[in-house]
Each structure stands twice: as C-alpha cells, then as structure tokens.
$ cat target_21.pdb   # PDB, C-alpha atoms and all ligand atoms
ATOM      1  CA  MET A  10    -226.124  84.321  32.694
ATOM      2  CA  PRO A  11    -223.057  82.058  32.275
ATOM      3  CA  ILE A  12    -220.401  83.442  29.957
ATOM      4  CA  PRO A  13    -220.236  81.660  26.564
ATOM      5  CA  THR A  14    -217.081  79.648  25.886
ATOM      6  CA  ILE A  15    -214.739  79.174  22.932
ATOM      7  CA  LYS A  16    -213.229  75.779  22.089
ATOM      8  CA  PHE A  17    -209.457  75.355  21.827
ATOM      9  CA  ASN A  18    -207.645  73.133  19.321
ATOM     10  CA  ASN A  19    -207.133  70.561  22.134
ATOM     11  CA  GLY A  20    -210.868  70.283  22.941
ATOM     12  CA  ASN A  21    -210.753  72.407  26.116
ATOM     13  CA  TYR A  22    -212.845  75.571  26.548
ATOM     14  CA  ILE A  23    -212.172  79.149  27.620
ATOM     15  CA  PRO A  24    -214.779  81.671  28.812
ATOM     16  CA  GLU A  25    -215.126  84.258  26.076
ATOM     17  CA  LEU A  26    -214.764  87.194  28.468
ATOM     18  CA  GLY A  27    -212.438  87.650  31.422
ATOM     19  CA  LEU A  28    -211.135  90.393  33.669
ATOM     20  CA  GLY A  29    -207.751  91.947  32.831
ATOM     21  CA  LEU A  30    -205.716  92.622  35.959
ATOM     22  CA  TRP A  31    -202.774  94.672  34.718
ATOM     23  CA  LYS A  32    -201.940  97.703  36.903
ATOM     24  CA  ILE A  33    -204.195  96.694  39.796
ATOM     25  CA  LYS A  34    -201.735  96.291  42.649
ATOM     26  CA  ASN A  35    -203.272  98.131  45.567
ATOM     27  CA  GLU A  36    -204.568  95.433  47.896
ATOM     28  CA  GLU A  37    -207.916  96.986  48.757
ATOM     29  CA  GLU A  38    -208.618  98.032  45.173
ATOM     30  CA  PHE A  39    -207.652  94.567  43.936
ATOM     31  CA  LYS A  40    -209.877  92.720  46.397
ATOM     32  CA  ASN A  41    -212.848  95.002  45.703
ATOM     33  CA  THR A  42    -212.373  94.618  41.961
ATOM     34  CA  VAL A  43    -212.114  90.828  41.919
ATOM     35  CA  ASN A  44    -214.970  90.385  44.391
ATOM     36  CA  THR A  45    -217.174  92.702  42.320
ATOM     37  CA  ALA A  46    -216.226  90.659  39.276
ATOM     38  CA  LEU A  47    -217.011  87.328  40.940
ATOM     39  CA  ASN A  48    -220.383  88.676  42.114
ATOM     40  CA  SER A  49    -221.260  89.863  38.626
ATOM     41  CA  GLY A  50    -220.419  86.575  36.908
ATOM     42  CA  TYR A  51    -216.754  86.762  35.892
ATOM     43  CA  ARG A  52    -214.944  83.445  36.279
ATOM     44  CA  HIS A  53    -211.944  84.133  34.040
ATOM     45  CA  PHE A  54    -209.006  86.237  35.300
ATOM     46  CA  ASP A  55    -205.946  87.368  33.363
ATOM     47  CA  THR A  56    -202.804  87.982  35.390
ATOM     48  CA  ALA A  57    -199.055  87.699  34.709
ATOM     49  CA  GLN A  58    -195.856  87.294  36.691
ATOM     50  CA  VAL A  59    -194.972  90.910  35.951
ATOM     51  CA  TYR A  60    -198.332  92.308  37.149
ATOM     52  CA  ASP A  61    -197.225  91.542  40.693
ATOM     53  CA  ASN A  62    -200.723  90.527  41.767
ATOM     54  CA  GLU A  63    -200.773  86.725  41.380
ATOM     55  CA  LYS A  64    -200.595  86.389  45.155
ATOM     56  CA  LEU A  65    -203.521  88.761  45.699
ATOM     57  CA  LEU A  66    -205.529  86.876  43.088
ATOM     58  CA  GLY A  67    -204.772  83.574  44.813
ATOM     59  CA  GLU A  68    -205.943  84.979  48.154
ATOM     60  CA  VAL A  69    -209.212  86.425  46.858
ATOM     61  CA  LEU A  70    -210.116  83.333  44.849
ATOM     62  CA  LYS A  71    -209.284  81.020  47.750
ATOM     63  CA  LYS A  72    -211.613  82.990  50.032
ATOM     64  CA  SER A  73    -214.448  82.959  47.506
ATOM     65  CA  ASP A  74    -216.985  80.151  47.477
ATOM     66  CA  ILE A  75    -216.414  79.442  43.773
ATOM     67  CA  LYS A  76    -215.053  75.972  43.076
ATOM     68  CA  ARG A  77    -211.611  75.843  41.442
ATOM     69  CA  GLU A  78    -212.947  73.928  38.431
ATOM     70  CA  ASP A  79    -215.387  76.773  37.761
ATOM     71  CA  LEU A  80    -212.577  79.339  37.555
ATOM     72  CA  PHE A  81    -210.292  80.043  34.616
ATOM     73  CA  ILE A  82    -206.910  81.497  35.570
ATOM     74  CA  THR A  83    -204.361  82.747  33.057
ATOM     75  CA  THR A  84    -200.826  83.766  33.885
ATOM     76  CA  LYS A  85    -197.800  84.607  31.748
ATOM     77  CA  ILE A  86    -194.070  83.931  31.927
ATOM     78  CA  TRP A  87    -192.198  87.204  32.170
ATOM     79  CA  LEU A  88    -189.286  87.902  29.803
ATOM     80  CA  LYS A  89    -186.478  87.544  32.364
ATOM     81  CA  ASN A  90    -187.726  84.031  33.164
ATOM     82  CA  PHE A  91    -187.447  82.721  29.597
ATOM     83  CA  GLY A  92    -184.471  80.406  30.212
ATOM     84  CA  PHE A  93    -185.583  76.724  29.994
ATOM     85  CA  ASN A  94    -185.147  76.045  33.729
ATOM     86  CA  HIS A  95    -186.322  79.503  34.730
ATOM     87  CA  VAL A  96    -189.665  78.973  33.015
ATOM     88  CA  ALA A  97    -190.463  75.913  35.136
ATOM     89  CA  LYS A  98    -189.076  77.407  38.350
ATOM     90  CA  SER A  99    -190.827  80.743  37.975
ATOM     91  CA  PHE A 100    -194.079  79.018  37.039
ATOM     92  CA  ASP A 101    -193.927  76.875  40.202
ATOM     93  CA  LYS A 102    -193.685  80.153  42.124
ATOM     94  CA  SER A 103    -196.690  81.488  40.183
ATOM     95  CA  LEU A 104    -198.726  78.428  41.152
ATOM     96  CA  GLU A 105    -197.694  78.888  44.775
ATOM     97  CA  ASN A 106    -198.764  82.554  44.611
ATOM     98  CA  LEU A 107    -202.056  81.603  42.984
ATOM     99  CA  GLN A 108    -202.626  78.854  45.591
ATOM    100  CA  THR A 109    -203.478  76.290  42.950
ATOM    101  CA  ASP A 110    -201.995  73.123  41.413
ATOM    102  CA  TYR A 111    -202.561  74.225  37.844
ATOM    103  CA  ALA A 112    -203.162  77.211  35.579
ATOM    104  CA  ASP A 113    -205.973  77.009  33.064
ATOM    105  CA  LEU A 114    -203.812  78.912  30.610
ATOM    106  CA  LEU A 115    -200.092  79.688  30.616
ATOM    107  CA  LEU A 116    -198.635  82.111  28.068
ATOM    108  CA  LEU A 117    -195.215  83.303  26.986
ATOM    109  CA  HIS A 118    -195.631  87.043  27.480
ATOM    110  CA  PHE A 119    -193.634  88.249  24.457
ATOM    111  CA  PRO A 120    -191.729  86.725  21.498
ATOM    112  CA  VAL A 121    -188.241  87.173  22.970
ATOM    113  CA  THR A 122    -185.659  86.696  20.218
ATOM    114  CA  GLY A 123    -183.237  83.832  20.823
ATOM    115  CA  LEU A 124    -185.029  82.578  23.933
ATOM    116  CA  ARG A 125    -188.573  81.853  22.863
ATOM    117  CA  ARG A 126    -187.882  78.411  21.365
ATOM    118  CA  LYS A 127    -186.569  76.876  24.595
ATOM    119  CA  ALA A 128    -189.218  78.719  26.584
ATOM    120  CA  TRP A 129    -191.924  77.141  24.432
ATOM    121  CA  GLN A 130    -190.432  73.690  24.934
ATOM    122  CA  ALA A 131    -190.588  74.327  28.672
ATOM    123  CA  LEU A 132    -194.290  75.199  28.338
ATOM    124  CA  GLU A 133    -194.914  71.967  26.428
ATOM    125  CA  ASN A 134    -193.327  70.052  29.332
ATOM    126  CA  ILE A 135    -195.432  71.943  31.863
ATOM    127  CA  GLN A 136    -198.570  71.069  29.941
ATOM    128  CA  ALA A 137    -197.536  67.394  29.736
ATOM    129  CA  GLU A 138    -197.144  67.423  33.537
ATOM    130  CA  GLY A 139    -200.698  68.745  33.887
ATOM    131  CA  LYS A 140    -199.632  71.973  35.588
ATOM    132  CA  ALA A 141    -201.085  74.084  32.763
ATOM    133  CA  LEU A 142    -204.184  72.772  31.024
ATOM    134  CA  ASN A 143    -203.662  75.036  28.003
ATOM    135  CA  ILE A 144    -200.609  76.852  26.684
ATOM    136  CA  GLY A 145    -200.196  79.756  24.344
ATOM    137  CA  VAL A 146    -198.289  82.841  23.378
ATOM    138  CA  SER A 147    -198.767  86.570  23.568
ATOM    139  CA  ASN A 148    -197.772  89.379  21.240
ATOM    140  CA  TYR A 149    -196.846  86.912  18.478
ATOM    141  CA  MET A 150    -197.125  88.241  14.940
ATOM    142  CA  ILE A 151    -197.428  85.988  11.878
ATOM    143  CA  HIS A 152    -193.651  85.643  11.471
ATOM    144  CA  HIS A 153    -193.256  84.518  15.099
ATOM    145  CA  LEU A 154    -195.999  81.920  14.660
ATOM    146  CA  GLU A 155    -194.507  80.702  11.385
ATOM    147  CA  ASP A 156    -191.140  80.367  13.133
ATOM    148  CA  MET A 157    -192.815  78.201  15.801
ATOM    149  CA  LYS A 158    -193.733  75.632  13.168
ATOM    150  CA  LYS A 159    -190.022  74.727  13.028
ATOM    151  CA  TYR A 160    -189.819  73.726  16.670
ATOM    152  CA  ALA A 161    -193.220  73.433  18.348
ATOM    153  CA  LYS A 162    -194.652  69.967  18.940
ATOM    154  CA  ILE A 163    -197.865  71.588  20.114
ATOM    155  CA  THR A 164    -199.685  74.360  18.259
ATOM    156  CA  PRO A 165    -200.439  77.144  20.756
ATOM    157  CA  GLN A 166    -204.013  77.134  21.960
ATOM    158  CA  ILE A 167    -204.203  80.922  21.909
ATOM    159  CA  ASN A 168    -202.395  84.112  20.903
ATOM    160  CA  GLN A 169    -203.100  87.075  23.180
ATOM    161  CA  VAL A 170    -202.497  90.312  21.274
ATOM    162  CA  GLU A 171    -203.523  93.945  21.378
ATOM    163  CA  MET A 172    -206.779  94.051  19.437
ATOM    164  CA  HIS A 173    -209.579  96.594  19.278
ATOM    165  CA  VAL A 174    -211.679  98.508  16.795
ATOM    166  CA  PHE A 175    -208.730 100.836  16.077
ATOM    167  CA  LEU A 176    -206.235  97.941  15.624
ATOM    168  CA  GLN A 177    -207.979  95.156  13.722
ATOM    169  CA  GLN A 178    -205.018  93.201  12.227
ATOM    170  CA  PRO A 179    -207.097  91.204   9.713
ATOM    171  CA  ASP A 180    -204.099  89.244   8.365
ATOM    172  CA  LEU A 181    -203.061  88.073  11.803
ATOM    173  CA  VAL A 182    -206.641  87.128  12.668
ATOM    174  CA  ARG A 183    -207.015  85.108   9.461
ATOM    175  CA  TYR A 184    -203.673  83.386  10.046
ATOM    176  CA  CYS A 185    -204.641  82.387  13.599
ATOM    177  CA  GLN A 186    -208.049  81.146  12.507
ATOM    178  CA  ASP A 187    -206.542  79.136   9.629
ATOM    179  CA  ASN A 188    -204.075  77.535  12.031
ATOM    180  CA  GLY A 189    -206.490  76.695  14.856
ATOM    181  CA  ILE A 190    -205.193  79.349  17.244
ATOM    182  CA  VAL A 191    -207.803  81.314  19.225
ATOM    183  CA  VAL A 192    -207.274  85.088  19.195
ATOM    184  CA  GLU A 193    -207.456  86.804  22.570
ATOM    185  CA  ALA A 194    -207.944  90.571  22.502
ATOM    186  CA  TYR A 195    -206.015  92.530  25.099
ATOM    187  CA  SER A 196    -206.558  96.273  25.602
ATOM    188  CA  PRO A 197    -209.980  95.847  23.928
ATOM    189  CA  ILE A 198    -210.942  99.382  25.037
ATOM    190  CA  ALA A 199    -207.655 100.663  23.523
ATOM    191  CA  HIS A 200    -206.426 101.195  27.093
ATOM    192  CA  GLY A 201    -209.063 103.949  27.471
ATOM    193  CA  LYS A 202    -207.073 106.201  25.127
ATOM    194  CA  GLU A 203    -209.604 106.650  22.298
ATOM    195  CA  MET A 204    -213.011 107.242  23.843
ATOM    196  CA  ASP A 205    -214.379 109.908  21.510
ATOM    197  CA  ASP A 206    -215.024 108.304  18.150
ATOM    198  CA  PRO A 207    -218.339 109.526  16.651
ATOM    199  CA  VAL A 208    -219.105 106.199  14.929
ATOM    200  CA  ILE A 209    -218.768 104.203  18.161
ATOM    201  CA  LYS A 210    -220.785 106.870  19.982
ATOM    202  CA  LYS A 211    -223.559 106.606  17.396
ATOM    203  CA  ILE A 212    -223.652 102.790  17.561
ATOM    204  CA  ALA A 213    -223.704 102.948  21.372
ATOM    205  CA  ILE A 214    -226.759 105.223  21.327
ATOM    206  CA  LYS A 215    -228.483 102.976  18.778
ATOM    207  CA  HIS A 216    -228.130  99.899  21.010
ATOM    208  CA  ASN A 217    -228.607 101.779  24.276
ATOM    209  CA  LYS A 218    -225.166 100.591  25.400
ATOM    210  CA  THR A 219    -221.970 102.416  26.394
ATOM    211  CA  TYR A 220    -218.963 103.229  24.248
ATOM    212  CA  ALA A 221    -216.843 100.580  26.030
ATOM    213  CA  GLN A 222    -219.561  97.952  25.647
ATOM    214  CA  ILE A 223    -219.561  98.463  21.872
ATOM    215  CA  MET A 224    -215.780  98.005  21.781
ATOM    216  CA  ILE A 225    -216.008  94.819  23.849
ATOM    217  CA  ARG A 226    -218.957  93.465  21.852
ATOM    218  CA  TRP A 227    -217.035  93.976  18.595
ATOM    219  CA  CYS A 228    -214.370  91.539  19.885
ATOM    220  CA  ILE A 229    -217.068  88.987  20.661
ATOM    221  CA  GLU A 230    -218.657  89.394  17.214
ATOM    222  CA  LYS A 231    -215.200  88.687  15.745
ATOM    223  CA  GLY A 232    -214.894  85.443  17.734
ATOM    224  CA  PHE A 233    -212.112  86.663  20.039
ATOM    225  CA  VAL A 234    -211.673  86.012  23.726
ATOM    226  CA  VAL A 235    -211.752  89.458  25.359
ATOM    227  CA  ILE A 236    -210.258  90.654  28.650
ATOM    228  CA  PRO A 237    -211.210  94.271  29.458
ATOM    229  CA  LYS A 238    -209.630  95.749  32.582
ATOM    230  CA  SER A 239    -211.366  98.019  35.025
ATOM    231  CA  SER A 240    -210.957  98.626  38.722
ATOM    232  CA  THR A 241    -214.054 100.831  38.866
ATOM    233  CA  PRO A 242    -216.836  98.595  40.232
ATOM    234  CA  SER A 243    -219.592 100.066  38.032
ATOM    235  CA  ARG A 244    -217.437  99.529  34.928
ATOM    236  CA  VAL A 245    -216.481  95.979  35.957
ATOM    237  CA  ILE A 246    -220.216  95.245  36.028
ATOM    238  CA  GLN A 247    -220.879  97.175  32.813
ATOM    239  CA  ASN A 248    -218.121  95.412  30.851
ATOM    240  CA  ILE A 249    -219.605  91.949  31.309
ATOM    241  CA  ASP A 250    -223.083  93.154  30.375
ATOM    242  CA  VAL A 251    -222.512  92.603  26.663
ATOM    243  CA  PHE A 252    -224.344  89.355  26.012
ATOM    244  CA  ASP A 253    -227.881  90.714  25.592
ATOM    245  CA  PHE A 254    -227.365  92.470  22.248
ATOM    246  CA  GLU A 255    -225.565  92.022  18.928
ATOM    247  CA  LEU A 256    -223.912  94.405  16.490
ATOM    248  CA  ASP A 257    -225.663  94.267  13.126
ATOM    249  CA  LYS A 258    -224.181  94.110   9.651
ATOM    250  CA  ASP A 259    -224.210  97.905   9.200
ATOM    251  CA  ASP A 260    -222.420  98.415  12.532
ATOM    252  CA  LEU A 261    -219.732  95.930  11.524
ATOM    253  CA  VAL A 262    -219.226  97.595   8.146
ATOM    254  CA  GLU A 263    -218.832 101.001   9.803
ATOM    255  CA  ILE A 264    -216.507  99.690  12.499
ATOM    256  CA  LYS A 265    -214.314  97.994   9.895
ATOM    257  CA  LYS A 266    -213.457 101.459   8.567
ATOM    258  CA  LEU A 267    -212.160 102.611  11.982
ATOM    259  CA  ASP A 268    -209.011 100.494  11.775
ATOM    260  CA  LYS A 269    -206.008 102.831  11.991
ATOM    261  CA  ASN A 270    -203.306 100.509  13.273
ATOM    262  CA  LEU A 271    -203.338 102.262  16.648
ATOM    263  CA  ARG A 272    -201.082 100.562  19.188
ATOM    264  CA  THR A 273    -201.551 101.635  22.791
ATOM    265  CA  CYS A 274    -199.151  99.086  24.285
ATOM    266  CA  TRP A 275    -195.727  97.632  23.377
ATOM    267  CA  SER A 276    -195.216  96.620  19.764
ATOM    268  CA  PRO A 277    -193.898  93.204  18.730
ATOM    269  CA  VAL A 278    -194.048  94.066  15.015
ATOM    270  CA  HIS A 279    -190.306  94.596  14.526
ATOM    271  CA  ILE A 280    -189.098  91.862  16.862
ATOM    272  CA  PRO A 281    -187.254  89.331  14.656
TER     273      PRO A 281
HETATM  274  N1  LIG A 301    -200.158  90.259  26.972
HETATM  275  C1  LIG A 301    -199.864  91.543  27.006
HETATM  276  O1  LIG A 301    -198.775  91.982  26.613
HETATM  277  C2  LIG A 301    -200.891  92.505  27.532
HETATM  278  C3  LIG A 301    -200.704  93.882  27.351
HETATM  279  C4  LIG A 301    -201.697  94.736  27.822
HETATM  280  C5  LIG A 301    -202.822  94.226  28.463
HETATM  281  N2  LIG A 301    -202.956  92.893  28.663
HETATM  282  C6  LIG A 301    -204.129  92.317  29.378
HETATM  283  O2  LIG A 301    -205.328  92.892  28.846
HETATM  284  C7  LIG A 301    -206.043  93.539  29.892
HETATM  285  C8  LIG A 301    -206.831  94.720  29.347
HETATM  286  O3  LIG A 301    -205.995  95.628  28.690
HETATM  287  P1  LIG A 301    -205.640  97.078  29.285
HETATM  288  O4  LIG A 301    -205.682  97.028  30.769
HETATM  289  O5  LIG A 301    -204.382  97.494  28.648
HETATM  290  O6  LIG A 301    -206.719  98.053  28.678
HETATM  291  P2  LIG A 301    -208.295  98.096  28.398
HETATM  292  O7  LIG A 301    -209.002  96.993  29.052
HETATM  293  O8  LIG A 301    -208.430  98.279  26.938
HETATM  294  O9  LIG A 301    -208.660  99.490  29.055
HETATM  295  C9  LIG A 301    -208.510  99.729  30.425
HETATM  296  C10 LIG A 301    -208.768 101.209  30.654
HETATM  297  O10 LIG A 301    -210.110 101.517  30.240
HETATM  298  C11 LIG A 301    -210.852 102.027  31.350
HETATM  299  N3  LIG A 301    -212.186 101.430  31.275
HETATM  300  C12 LIG A 301    -212.524 100.147  31.520
HETATM  301  N4  LIG A 301    -213.835  99.950  31.374
HETATM  302  C13 LIG A 301    -214.367 101.144  31.016
HETATM  303  C14 LIG A 301    -215.676 101.574  30.737
HETATM  304  N5  LIG A 301    -216.703 100.730  30.784
HETATM  305  N6  LIG A 301    -215.859 102.883  30.400
HETATM  306  C15 LIG A 301    -214.817 103.734  30.336
HETATM  307  N7  LIG A 301    -213.545 103.374  30.589
HETATM  308  C16 LIG A 301    -213.311 102.087  30.938
HETATM  309  C17 LIG A 301    -210.102 101.589  32.590
HETATM  310  O11 LIG A 301    -210.279 102.522  33.635
HETATM  311  P3  LIG A 301    -210.611 102.101  35.160
HETATM  312  O12 LIG A 301    -209.816 100.898  35.509
HETATM  313  O13 LIG A 301    -210.202 103.316  35.916
HETATM  314  O14 LIG A 301    -212.100 101.861  35.237
HETATM  315  C18 LIG A 301    -208.655 101.602  32.097
HETATM  316  O15 LIG A 301    -208.127 102.915  32.140
HETATM  317  C19 LIG A 301    -204.948  93.904  30.897
HETATM  318  O16 LIG A 301    -205.462  94.244  32.164
HETATM  319  C20 LIG A 301    -204.125  92.649  30.862
HETATM  320  O17 LIG A 301    -204.748  91.631  31.618
HETATM  321  C21 LIG A 301    -202.013  92.021  28.176
END

$ encode --input "target_21.pdb" --output "structure tokens"
Amino acid sequence: MPIPTIKFNNGNYIPELGLGLWKIKNEEEFKNTVNTALNSGYRHFDTAQVYDNEKLLGEVLKKSDIKREDLFITTKIWLKNFGFNHVAKSFDKSLENLQTDYADLLLLHFPVTGLRRKAWQALENIQAEGKALNIGVSNYMIHHLEDMKKYAKITPQINQVEMHVFLQQPDLVRYCQDNGIVVEAYSPIAHGKEMDDPVIKKIAIKHNKTYAQIMIRWCIEKGFVVIPKSSTPSRVIQNIDVFDFELDKDDLVEIKKLDKNLRTCWSPVHIP
C-alpha cells in the first residue's frame, strides 16, 4: 500500500511516514536496514550531515531499482556549517554523498542563536536554485518561528521536532498549523525509553497492534509526518504497518492525558 502524503504550503507533498537513520553507521547494518525498508514500502528517508551516513544512503538508493522521483530524501545542515557560505558548500557535499542533484527536504538542524538568520537565507537561495525542493527547520519552538517572521521570505515547509505521546506540545502544534507549517515528529517512540505505559499497552491489545505501532499511529492521527528509527528488520517492517487501523475517540482522550513533557533528546526550549 503506498504511504499517504501530506501537502506542504508550497503545493509539494511529503510521505507521511519515513525511516529515521540516526545512529545507524555500521555499513552492513545500514544496508540491511534500508533495503528492508525499501522492500517493505518505505520511500522516505531522514538523514543529516551529522549522522555520518549520507554516503551510505546514497549508495544503497543508487543500487536500488526505485526511481529517484519516487524517493523522498531529507538531510539537515549541521550546526558548525551554519555560516552563509558554509551552508551552501556543505550542502553540495551532502548532495555528492547522496549521489543526487537535489534533496526533497533540507532542514536547519537546530535554532543556532546568532547564525540561524543567515543560514535560513542560504536555504532560501538553495531552494531557488532547485537543489532542495522543500526547506524547513528543526527543533524550532514558537519564539524561534516568530523570530523568523522578521527575516524569512519563505515560510518553512516543515518543523521537525521531538514529538510523541509523552511530549505533545499542543501550543507548538497549533502555532505550526495556524501558520501553514507541517509538524514532523522525531523520536516518535520516545527513543525507546518509555515502553511500559499501561494505557498504551491496553490500547495496543485492543487494536491487536504493538506498543510502538500505537505511538506511531498517534502521530498520524495528529496529522504529523513521522520518522521512527529502527535497525531491527522485523521492527522496520512493523513500524510501517500502521495504515490498516485507526485510534478511536476514547483512545485519543486517554492518550492526551499521557503528556508529561518528557524530552528524550536535546532541548531547544531555552535557546534564545
Ligand atoms: N532533528 C533532530 O534533532 C532529531 C533528533 C532525534 C531524532 N531525529 C530523527 O528522528 C528519527 C527517530 O528518532 P529516534 O531515532 O531518536 O527515536 P525513535 O524512533 O523514537 O526510537 C528509536 C528506538 O526505538 C527502538 N524501536 C524502534 N521500533 C521499535 C519497535 N517497533 N518496538 C520496540 N522498539 C522499537 C529502536 O531500536 P532498534 O533500532 O534496536 O530496533 C531505537 O532504540 C531519528 O532516527 C532521526 O532521523 C531528529
């Protein structure tokens, strides 16, 4: 079954679910993981300069028989490359690593104080050149997005943030929706750190699905793009098998109560 898509504010589309690739660096593990993903229907891959696996991704995708236009590749500019010229130069290297002429989505990885304005302008230029079809940000809170209104000519297509049933950030979600910015949920399984909640367990049994599948499905019910990571083949397959059921109203009400502001990754909250 093809993965449903979400429309960006520029009219382009993104597959609702993709494979997160953070921490998969071992060559054999990486190739197995991405090939398993391709065979089970994934077409959207989330990498970053700092993940040190753009080159591996480029190699595996090149060898696959999937056409480039059927793939969706995201990468992110790492913090040390935020200088205006560094953004463009480092992104050219990313494209070379990925063996492609363009990224489907290019993000600024973090709202670096003092540097993010120029870095965003560099992304706007890259998009105008056609080297990134869509551009966005990551780890931006409301105050970072408000700040962007002072300098951005283009509203970001997406904001990739930590988001899961234990970190629901309703204000940020509402802000993004009101401003035409798609929310992309990273660490949707809370990085595997909270796998014992009785409510999620109960809902999983009710739908005959796994704990992780309920967490991923919640993101889809909320209208987010979602990028679970696994390098365990059975879990890679399991994590995309979330389009044959829906959470009902009662499930959503119960899950809403699980929000406890749990951050499992870096926090951008206090970055001015
Ligand atoms: N922009 C940013 O700053 C940022 C930050 C963090 C993450 N991300 C992106 O988001 C992606 C996902 O986030 P994440 O890697 O932090 O965490 P995640 O996807 O929430 O969780 C990954 C962990 O959950 C385990 N897992 C996966 N599927 C499972 C299943 N079905 N059952 C039980 N356990 C399962 C994985 O183990 P195994 O691999 O051993 O199966 C791994 O330990 C990243 O890979 C990256 O692409 C972006």

$ closest_residue --input "target_21.pdb" --among "A:Glu203, A:Phe54, A:Asn62, A:Met224" --to "Glu36 (chain A)" --atoms "all atoms listed in the file"
A:Asn62

$ resolve_selection --input "target_21.pdb" --expression "the PyMOL selection byres (((not hetatm)) within 8 of (chain A and resi 301))" --output "PyMOL selection string"
chain A and resi 28-32+54-57+85+118-119+147-148+169-171+173+194-202+204+219-222+236-245+247-248+273-275

$ residues_around --input "target_21.pdb" --residues "region 106-109 of chain A" --least-positions-apart "5" --cutoff "6 Å" --atoms "all atoms listed in the file" --output "ChimeraX atom specification"
/A:63-64,67

$ resolve_selection --input "target_21.pdb" --expression "the PyMOL selection byres (((chain A and resi 255-262) around 9) and not hetatm)" --output "list in words"
Val208, Ile209, Ile212, His216, Ile223, Arg226, Trp227, Glu230, Val251, Phe252, Asp253, Phe254, Glu263, Ile264, Lys265 and Lys266 of chain A

$ residues_around --input "target_21.pdb" --residues "Tyr184 (chain A)" --least-positions-apart "4" --cutoff "10 Å" --atoms "all atoms listed in the file" --output "PyMOL selection string"
chain A and resi 150-151+154-155+179-180+188-190+192

$ resolve_selection --input "target_21.pdb" --expression "the PyMOL selection byres (((chain A and resi 123) around 12) and not hetatm)" --output "list of chain:residue names"
A:Leu88, A:Phe91, A:Gly92, A:Phe93, A:Phe119, A:Pro120, A:Val121, A:Thr122, A:Leu124, A:Arg125, A:Arg126, A:Lys127, A:Ala128, A:Trp129, A:His153, A:Asp156, A:Ile280, A:Pro281

$ residues_near_point --input "target_21.pdb" --point "(-193.5, 74.9, 32.5)" --cutoff "8 Å" --atoms "all atoms listed in the file" --output "short mmCIF file (atom, residue, chain, number, x, y, z; two decimals) with C-alpha atoms, keeping the file's coordinate frame"
data_model
loop_
_atom_site.label_atom_id
_atom_site.label_comp_id
_atom_site.auth_asym_id
_atom_site.auth_seq_id
_atom_site.Cartn_x
_atom_site.Cartn_y
_atom_site.Cartn_z
CA VAL A 96 -189.66 78.97 33.02
CA ALA A 97 -190.46 75.91 35.14
CA LYS A 98 -189.08 77.41 38.35
CA PHE A 100 -194.08 79.02 37.04
CA ASP A 101 -193.93 76.88 40.20
CA ALA A 131 -190.59 74.33 28.67
CA LEU A 132 -194.29 75.20 28.34
CA GLU A 133 -194.91 71.97 26.43
CA ASN A 134 -193.33 70.05 29.33
CA ILE A 135 -195.43 71.94 31.86
CA GLN A 136 -198.57 71.07 29.94
CA LYS A 140 -199.63 71.97 35.59
CA ALA A 141 -201.08 74.08 32.76
#

$ atom_distance --input "target_21.pdb" --atom1 "CA of Ser276 (chain A)" --atom2 "CA of Val234 (chain A)"
20.0 Å

$ closest_residue --input "target_21.pdb" --among "A:His279, A:Phe233, A:Ile33, A:Tyr51" --to "Ile15 (chain A)" --atoms "only C-alpha atoms"
A:Phe233

$ closest_residue --input "target_21.pdb" --among "A:Gln130, A:Asn48, A:Val174, A:Asn217" --to "Tyr160 (chain A)" --atoms "only C-alpha atoms"
A:Gln130

$ closest_residue --input "target_21.pdb" --among "A:Asp113, A:Glu38, A:Glu68, A:Glu105" --to "Ile82 (chain A)" --atoms "only C-alpha atoms"
A:Asp113

$ closest_residue --input "target_21.pdb" --among "A:Glu25, A:Asp206, A:Glu193, A:Glu37" --to "Leu66 (chain A)" --atoms "only C-alpha atoms"
A:Glu37

$ closest_residue --input "target_21.pdb" --among "A:Met10, A:Ser73, A:Phe81, A:Asp61" --to "Asn35 (chain A)" --atoms "all atoms listed in the file"
A:Asp61

$ atom_distance --input "target_21.pdb" --atom1 "CA of Thr84 (chain A)" --atom2 "CA of Gln178 (chain A)"
24.0 Å

$ atom_distance --input "target_21.pdb" --atom1 "CA of Asn270 (chain A)" --atom2 "CA of Gln177 (chain A)"
7.1 Å
